[in-house]
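Enquirer: One structure, pasted below without further comment.
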Amino acid sequence: MHFLSSLLENYITDNSQDEPVILRELTRETHLKVIQPRMLTGHFQGRVLSLLSKIINPEHILEIGTYTGYSAICLAEGLQKKGTLHTIDVNAELFDMQRKYFDKSGYGTNIKQHVGNALNIIPQLDTIFDLVFIDAEKKEYPNYLDVVLPKTKSGTIIMSDNVLWSGKVVEPLAHKDKTTKVLLQYNKRLKEDPRLETVLLPVRDGLTLSRVK
């Protein structure tokens with residue numbers, strides 16, 4: 001579902017920062033070689049992530065859901081010089097492609113790749129994160145939040161992607177649609193959790209920003 005007309009979407013993109021060349025290259029290779037290329041963060045949302053990261057200027061970033069590495073590079077643009085970004089994905093087949101673009105981006109030494117289940121990996125990370133980006137299996141969002149919160153501090157920003165789920169969150173809920181049901185519960189939880197300050201932004205497919213109090 002497109003929440004804005006294609007004319008408005010194009011106007012917004014045209015009047016936002018240009019997409020870096022390396023990310024255009026990554027987009028092209030993703031569309032040529034990887035299934036479900038629509039999972040890419042894309043130009044406009046990528047610039048949103050980049051700018052938010054630059055505003056926060058984090059020392060440590062956690063990303064759940066790497067895919068081909070587009071969003072990780074965007075987030076890394078705001079890292080402190082000696083900062084680290086830990087990114088986790090279940091698909092080992094994308095590891096080499098991610099690494100190629102991480103190294104080409106100039107942030108290769110800052111980005112640490114992890115392959116496997118984020119719910120198992122995150123508790124083992126001895127790091128407190130300033131910025132977290134959740135963009136993996138939607139039905140696991142509540143569980144991701146549970147393991148992420150102990151790795152945060154006051155002021156940490158947690159970003160959750162795809163929280164509008166193509167508009168299904170405001171449509172009649174299909175009996176078998178477990179993903180939308182979980183996202184509805186997750187969105188409500190983010191708003192009502194007393195530990196968090198939350199705003200849901202209509203960026204692309206919905207991007208929620210939650211600040212740990």
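By convention here, the chains of the structure tokens are called A, B, ... in the order presented, each chain's residues are numbered starting at 1, and ligands are numbered starting at 1 in the order presented.
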Within 8 Å of segment 12-27 of chain A, which residues of segment 60-170 of chain A show up? Give each one with its shortest atom-to-atom distance in Å (one decimal) and the two atoms involved, counting only C-alpha atoms, rows by chain then rising residue number, as a Markdown table.
Expert:
```
| residue | atom | partner | partner_atom | distance |
| --- | --- | --- | --- | --- |
| A:Thr68 | CA | A:Leu26 | CA | 7.8 |
| A:Tyr70 | CA | A:Leu23 | CA | 6.6 |
| A:Tyr101 | CA | A:Leu26 | CA | 7.1 |
| A:Lys104 | CA | A:Ile22 | CA | 7.6 |
| A:Ser105 | CA | A:Ile22 | CA | 6.8 |
```
Enquirer: List every residue of segment 105-187 of chain A that DSSP, applied to the backbone of this structure, places in helix (DSSP H, G or I), and write the result as a ChimeraX atom specification.
Expert: /A:105,118-124,138-151,165-170,178-187
Enquirer: Taking 4 positions as the minimum chain separation for residues in the same chain, which residues sit within 9 Å of segment 146-152 of chain A when counting only C-alpha atoms? Answer as a short mmCIF file (atom, residue, chain, number, x, y, z; two decimals) with N, CA and C atoms, in the first residue's frame.
Expert:
```cif
data_model
loop_
_atom_site.label_atom_id
_atom_site.label_comp_id
_atom_site.auth_asym_id
_atom_site.auth_seq_id
_atom_site.Cartn_x
_atom_site.Cartn_y
_atom_site.Cartn_z
N LEU A 62 22.87 -1.00 17.39
CA LEU A 62 22.44 -2.38 17.18
C LEU A 62 21.39 -2.39 16.09
N ALA A 118 18.72 -13.43 16.44
CA ALA A 118 19.02 -12.25 17.26
C ALA A 118 18.66 -12.46 18.73
N LEU A 119 17.64 -13.27 18.99
CA LEU A 119 17.23 -13.50 20.38
C LEU A 119 18.29 -14.24 21.17
N ASN A 120 19.12 -14.99 20.47
CA ASN A 120 20.24 -15.70 21.12
C ASN A 120 21.50 -14.85 21.16
N ILE A 122 21.87 -11.30 20.95
CA ILE A 122 21.85 -10.03 21.68
C ILE A 122 22.23 -10.18 23.15
N PRO A 123 21.70 -11.17 23.88
CA PRO A 123 22.09 -11.30 25.29
C PRO A 123 23.58 -11.52 25.50
N LEU A 125 25.97 -9.99 23.77
CA LEU A 125 26.73 -8.79 23.43
C LEU A 125 26.97 -7.95 24.68
N ASP A 126 28.22 -7.70 24.97
CA ASP A 126 28.59 -6.94 26.17
C ASP A 126 28.67 -5.45 25.83
N THR A 127 27.54 -4.89 25.44
CA THR A 127 27.51 -3.51 24.97
C THR A 127 26.19 -2.86 25.38
N ILE A 128 26.23 -1.60 25.74
CA ILE A 128 25.04 -0.79 25.94
C ILE A 128 24.89 0.11 24.71
N PHE A 129 23.74 0.05 24.08
CA PHE A 129 23.55 0.72 22.80
C PHE A 129 22.87 2.08 22.93
N ASP A 130 23.32 3.02 22.09
CA ASP A 130 22.73 4.35 22.03
C ASP A 130 21.59 4.41 21.02
N LEU A 131 21.64 3.51 20.03
CA LEU A 131 20.65 3.51 18.95
C LEU A 131 20.39 2.07 18.54
N VAL A 132 19.12 1.72 18.39
CA VAL A 132 18.73 0.36 18.00
C VAL A 132 17.75 0.47 16.84
N TYR A 141 8.92 -9.09 17.03
CA TYR A 141 9.18 -7.74 17.53
C TYR A 141 9.06 -7.62 19.06
N PRO A 142 8.01 -8.16 19.69
CA PRO A 142 7.93 -8.06 21.15
C PRO A 142 9.10 -8.74 21.84
N THR A 156 18.60 6.19 25.07
CA THR A 156 18.72 5.31 23.91
C THR A 156 17.47 5.44 23.04
N ILE A 157 17.67 5.48 21.73
CA ILE A 157 16.57 5.53 20.78
C ILE A 157 16.41 4.15 20.14
N ILE A 158 15.18 3.64 20.21
CA ILE A 158 14.84 2.36 19.57
C ILE A 158 13.92 2.66 18.40
N VAL A 212 14.18 5.66 25.44
CA VAL A 212 14.21 5.08 26.77
C VAL A 212 14.34 6.21 27.78
#
```
Enquirer: Which residue is closest to Val34 of chain A? Choose from A:Tyr144, A:Tyr11, A:Tyr107, A:Tyr67 and count only C-alpha atoms.
Expert: A:Tyr67
Enquirer: Name all residues at most 12 Å from Ala92 of chain A (count only C-alpha atoms; drop same-chain ones fewer than 5 positions away) and give them as a ChimeraX atom specification.
Expert: /A:65-68,97-99,113-117
Enquirer: Between A:Gln45, A:Asn143, A:Gln124, A:Asn57, which has the minimum distance to Asp161 of chain A (counting only C-alpha atoms)?
Expert: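 The answer is A:Gln45, which sits nearest to Asp161 of chain A.
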Enquirer: I need the residue nearest Ile121 of chain A from this list: A:Thr87, A:Thr109, A:Asn10, A:Gln36. Use only C-alpha atoms for the distance.
Expert: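 Between A:Thr87, A:Thr109, A:Asn10, A:Gln36, the residue approaching Ile121 of chain A most closely is A:Thr87.
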Enquirer: Leaving out Ile111 of chain A and any residue of its chain fewer than 2 positions from it, which residues lie within 6 Å of it when counting only C-alpha atoms, given as a list in words?
Expert: Thr84, Leu85, Gly108 and Thr109 of chain A
Enquirer: Keeping only N, CA and C atoms, write those residues as a compact mmCIF listing (two decimals), in the first residue's frame.
Expert:
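See part.txt below for the written result:
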```
# COMPACT_ATOMS: atom_id res chain seq x y z
N THR A 84 30.89 1.52 17.05
CA THR A 84 30.64 0.19 16.49
C THR A 84 29.16 0.03 16.16
N LEU A 85 28.91 -0.70 15.10
CA LEU A 85 27.55 -1.08 14.73
C LEU A 85 27.50 -2.60 14.65
N GLY A 108 33.73 -0.23 7.17
CA GLY A 108 33.95 -1.66 7.35
C GLY A 108 34.50 -2.05 8.71
N THR A 109 35.44 -1.28 9.23
CA THR A 109 36.04 -1.63 10.53
C THR A 109 35.10 -1.35 11.68
```
Enquirer: Let me make sure I understand: among A:Ser50, A:Ser160, A:Ser166, A:Thr179, which one has the smallest atom-to-atom distance to Val199 of chain A if we use only C-alpha atoms?
Expert: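 Distance minimum relative to Val199 of chain A lands on A:Ser160.
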